[in-house]
file entry_7.cif (mmCIF, C-alpha atoms)
data_final
loop_
_atom_site.label_atom_id
_atom_site.label_comp_id
_atom_site.auth_asym_id
_atom_site.auth_seq_id
_atom_site.Cartn_x
_atom_site.Cartn_y
_atom_site.Cartn_z
CA MET S 1 -24.36 -6.53 -15.96
CA LEU S 2 -20.64 -5.71 -15.88
CA SER S 3 -18.41 -8.72 -15.49
CA LEU S 4 -14.71 -8.47 -14.78
CA GLY S 5 -13.48 -11.09 -17.24
CA ASP S 6 -9.92 -12.23 -17.80
CA GLY S 7 -9.16 -9.41 -20.26
CA ILE S 8 -10.15 -6.70 -17.81
CA ARG S 9 -8.37 -8.45 -14.95
CA ARG S 10 -5.16 -8.64 -17.02
CA ALA S 11 -5.46 -4.97 -18.00
CA TYR S 12 -5.76 -3.96 -14.35
CA ALA S 13 -3.32 -6.54 -12.96
CA ARG S 14 -0.76 -3.86 -12.11
CA ARG S 15 -3.40 -1.82 -10.31
CA LEU S 16 -5.01 -4.61 -8.27
CA LEU S 17 -4.60 -4.54 -4.50
CA ARG S 18 -5.37 -7.26 -1.99
CA LEU S 19 -6.82 -5.62 1.09
CA VAL S 20 -6.92 -8.13 3.96
CA GLY S 21 -7.63 -6.01 7.03
CA VAL S 22 -8.73 -2.66 8.40
CA SER S 23 -8.40 -1.40 11.96
CA VAL S 24 -9.77 1.61 13.80
CA VAL S 25 -7.92 2.79 16.91
CA GLY S 26 -5.87 -0.41 16.83
CA GLN S 27 -8.91 -2.72 16.74
CA ALA S 28 -9.51 -4.85 13.66
CA ILE S 29 -13.00 -4.31 12.28
CA SER S 30 -15.19 -7.36 12.61
CA VAL S 31 -15.83 -8.77 9.13
CA SER S 32 -15.29 -12.13 7.50
CA VAL S 33 -12.04 -12.67 5.65
CA ALA S 34 -14.05 -13.36 2.49
CA SER S 35 -15.69 -9.93 2.67
CA TYR S 36 -12.39 -8.26 1.71
CA SER S 37 -12.38 -10.07 -1.62
CA ALA S 38 -16.08 -9.53 -2.36
CA ALA S 39 -14.98 -7.07 -5.07
CA PRO S 40 -11.60 -6.71 -6.77
CA THR S 41 -9.74 -3.65 -5.44
CA ILE S 42 -7.89 -1.29 -7.76
CA ILE S 43 -5.82 1.79 -7.07
CA ASP S 44 -7.03 4.84 -8.99
CA SER S 45 -5.61 8.35 -8.72
CA GLY S 46 -8.62 9.84 -10.52
CA THR S 47 -11.20 8.85 -7.90
CA VAL S 48 -11.77 10.97 -4.77
CA ILE S 49 -13.64 8.60 -2.43
CA THR S 50 -12.28 5.17 -1.46
CA ARG S 51 -14.85 2.48 -2.20
CA LEU S 52 -14.82 -0.67 -0.07
CA PRO S 53 -16.84 -3.89 -0.33
CA GLN S 54 -20.19 -3.29 1.38
CA GLU S 55 -19.56 -5.40 4.50
CA VAL S 56 -16.10 -3.88 5.00
CA TYR S 57 -17.43 -0.35 4.52
CA ALA S 58 -20.33 -0.90 6.94
CA ALA S 59 -17.95 -2.18 9.64
CA LEU S 60 -15.45 0.67 9.05
CA SER S 61 -18.19 3.28 9.09
CA GLY S 62 -19.63 1.88 12.32
CA ALA S 63 -16.22 1.71 14.01
CA VAL S 64 -15.29 5.27 12.98
CA ALA S 65 -18.70 6.61 14.06
CA GLU S 66 -18.33 4.92 17.45
CA ALA S 67 -14.79 6.25 17.92
CA MET S 68 -15.86 9.76 16.87
CA LYS S 69 -18.80 9.64 19.28
CA GLY S 70 -16.39 8.68 22.06
CA ARG S 71 -14.35 11.76 21.18
CA GLY S 72 -17.34 14.09 21.42
CA ALA S 73 -18.11 14.41 17.70
CA VAL S 74 -21.72 15.18 16.79
CA PRO S 75 -23.22 13.34 13.78
CA ALA S 76 -24.36 15.41 10.80
CA LEU S 77 -26.76 14.66 7.96
CA ALA S 78 -25.54 12.41 5.15
CA PHE S 79 -24.16 14.06 2.02
CA SER S 80 -24.89 12.18 -1.22
CA ILE S 81 -23.23 8.71 -0.97
CA LEU S 82 -21.34 9.82 2.12
CA ASP S 83 -23.36 8.64 5.09
CA THR S 84 -20.88 8.96 7.96
CA CYS S 85 -20.75 12.70 8.61
CA PHE S 86 -19.93 14.91 11.59
CA ARG S 87 -20.38 18.54 12.57
CA GLY S 88 -17.14 20.49 12.52
CA SER S 89 -14.09 20.74 10.33
CA LEU S 90 -11.32 18.22 10.01
CA ARG S 91 -8.84 20.46 11.82
CA ARG S 92 -11.14 20.67 14.88
CA LEU S 93 -12.17 17.02 15.12
CA ALA S 94 -10.20 14.23 16.78
CA VAL S 95 -10.11 11.68 13.97
CA PRO S 96 -9.42 8.08 15.04
CA ALA S 97 -6.43 6.20 13.65
CA VAL S 98 -7.33 3.97 10.71
CA GLU S 99 -4.97 1.38 9.26
CA MET S 100 -5.32 -0.68 6.10
CA VAL S 101 -3.44 -3.98 5.78
CA PHE S 102 -2.61 -5.55 2.43
CA GLN S 103 -1.83 -9.14 1.49
CA ASP S 104 1.93 -8.54 1.30
CA GLY S 105 1.93 -7.34 4.92
CA THR S 106 2.08 -3.63 4.09
CA THR S 107 0.17 -1.57 6.63
CA LEU S 108 -0.89 1.99 5.80
CA ARG S 109 -1.60 4.13 8.82
CA LEU S 110 -3.84 6.83 7.43
CA ALA S 111 -3.50 10.47 8.40
CA ALA S 112 -6.68 12.26 9.46
CA ALA S 113 -6.81 13.94 6.04
CA ASN S 114 -6.84 10.48 4.39
CA VAL S 115 -9.77 9.38 6.54
CA MET S 116 -12.07 12.43 6.53
CA ILE S 117 -12.91 15.23 4.08
CA ASP S 118 -14.54 18.58 4.83
CA VAL S 119 -17.73 19.24 2.86
CA ASP S 120 -17.68 22.80 4.17
CA GLU S 121 -16.44 24.55 7.33
CA GLU S 122 -19.20 22.94 9.39
CA THR S 123 -19.35 19.37 8.09
CA THR S 124 -16.78 16.61 7.70
CA PHE S 125 -17.41 13.16 6.32
CA LEU S 126 -15.72 9.78 6.18
CA ALA S 127 -13.80 9.64 2.87
CA PHE S 128 -15.03 6.09 2.18
CA ALA S 129 -18.21 4.66 0.68
CA SER S 130 -19.64 1.30 -0.26
CA ALA S 131 -18.41 -0.19 -3.54
CA GLY S 132 -20.41 -1.63 -6.37
CA ARG S 133 -18.64 -4.27 -8.47
CA VAL S 134 -15.12 -2.86 -7.97
CA ALA S 135 -13.52 -1.51 -4.79
CA ILE S 136 -11.27 1.51 -5.33
CA ASN S 137 -8.42 3.01 -3.32
CA ASP S 138 -8.65 6.65 -4.33
CA ASN S 139 -6.39 9.69 -4.58
CA LYS S 140 -7.50 11.02 -1.16
CA LEU S 141 -6.17 7.85 0.42
CA GLN S 142 -2.91 8.22 -1.52
CA GLU S 143 -2.22 11.89 -0.67
CA THR S 144 0.35 11.37 2.07
CA PHE S 145 2.09 8.33 0.57
CA SER S 146 4.66 7.80 -2.16
CA LEU S 147 3.52 5.07 -4.52
CA ASN S 148 5.74 3.12 -6.89
CA PHE S 149 4.12 1.11 -9.65
CA ILE S 150 6.28 -1.80 -10.74
#

call {"tool": "encode", "arguments": {"input": "entry_7.cif", "output": "structure tokens"}}
result
Amino acid sequence: MLSLGDGIRRAYARRLLRLVGVSVVGQAISVSVASYSAAPTIIDSGTVITRLPQEVYAALSGAVAEAMKGRGAVPALAFSILDTCFRGSLRRLAVPAVEMVFQDGTTLRLAAANVMIDVDEETTFLAFASAGRVAINDNKLQETFSLNFI
């Protein structure tokens, strides 16, 4: 079993993020505060899908699915680990606003292209999945932001 000991934590200290909230269409998702720290969160430009602690992901997925349904989106079959999918392409779907809030008060309002990814011209999926031992903010999430590592 992988354990994130002090050595690994120190090595990733500059890449650790403290996610403290997520909202969909201005509504905070309903999860316990502790669920955000269920797994350490790193920023990684080599990963394509953002991984969130399981409880956070489940709430985000449910909130996005509900918002998409309210906008007329039709669910599609799951694709690999991506279980929140819709018929249609990103440019034709009305993607709900998603915001991520970090411990320092920074709020990232994600563009539609940060939230969803086209599998093909007929299927789009939520660009998030459930994390294992480590949550990851990926390069898809970072595409429309300038990041400075200090």

call {"tool": "residues_around", "arguments": {"input": "entry_7.cif", "residues": "Pro75 in chain S", "least_positions_apart": "6", "cutoff": "10 Å", "atoms": "only C-alpha atoms", "output": "number ranges by chain"}}
result
S: 65, 68-69, 83-88, 123-125

call {"tool": "residues_around", "arguments": {"input": "entry_7.cif", "residues": "Ala39 in chain S", "least_positions_apart": "5", "cutoff": "8 Å", "atoms": "only C-alpha atoms", "output": "PyMOL selection string"}}
result
chain S and resi 53+131-135

call {"tool": "resolve_selection", "arguments": {"input": "entry_7.cif", "expression": "the PyMOL selection byres ((chain S and resi 54) around 9)", "output": "list in words"}}
result
Ser35, Ala38, Arg51, Leu52, Pro53, Glu55, Val56, Tyr57, Ala58, Ala59, Ala129, Ser130, Ala131 and Gly132 of chain S

call {"tool": "resolve_selection", "arguments": {"input": "entry_7.cif", "expression": "the PyMOL selection byres ((chain S and resi 20-24) around 12)", "output": "ChimeraX atom specification"}}
result
/S:17-19,25-38,40-41,52-53,55-68,95-110,112,115
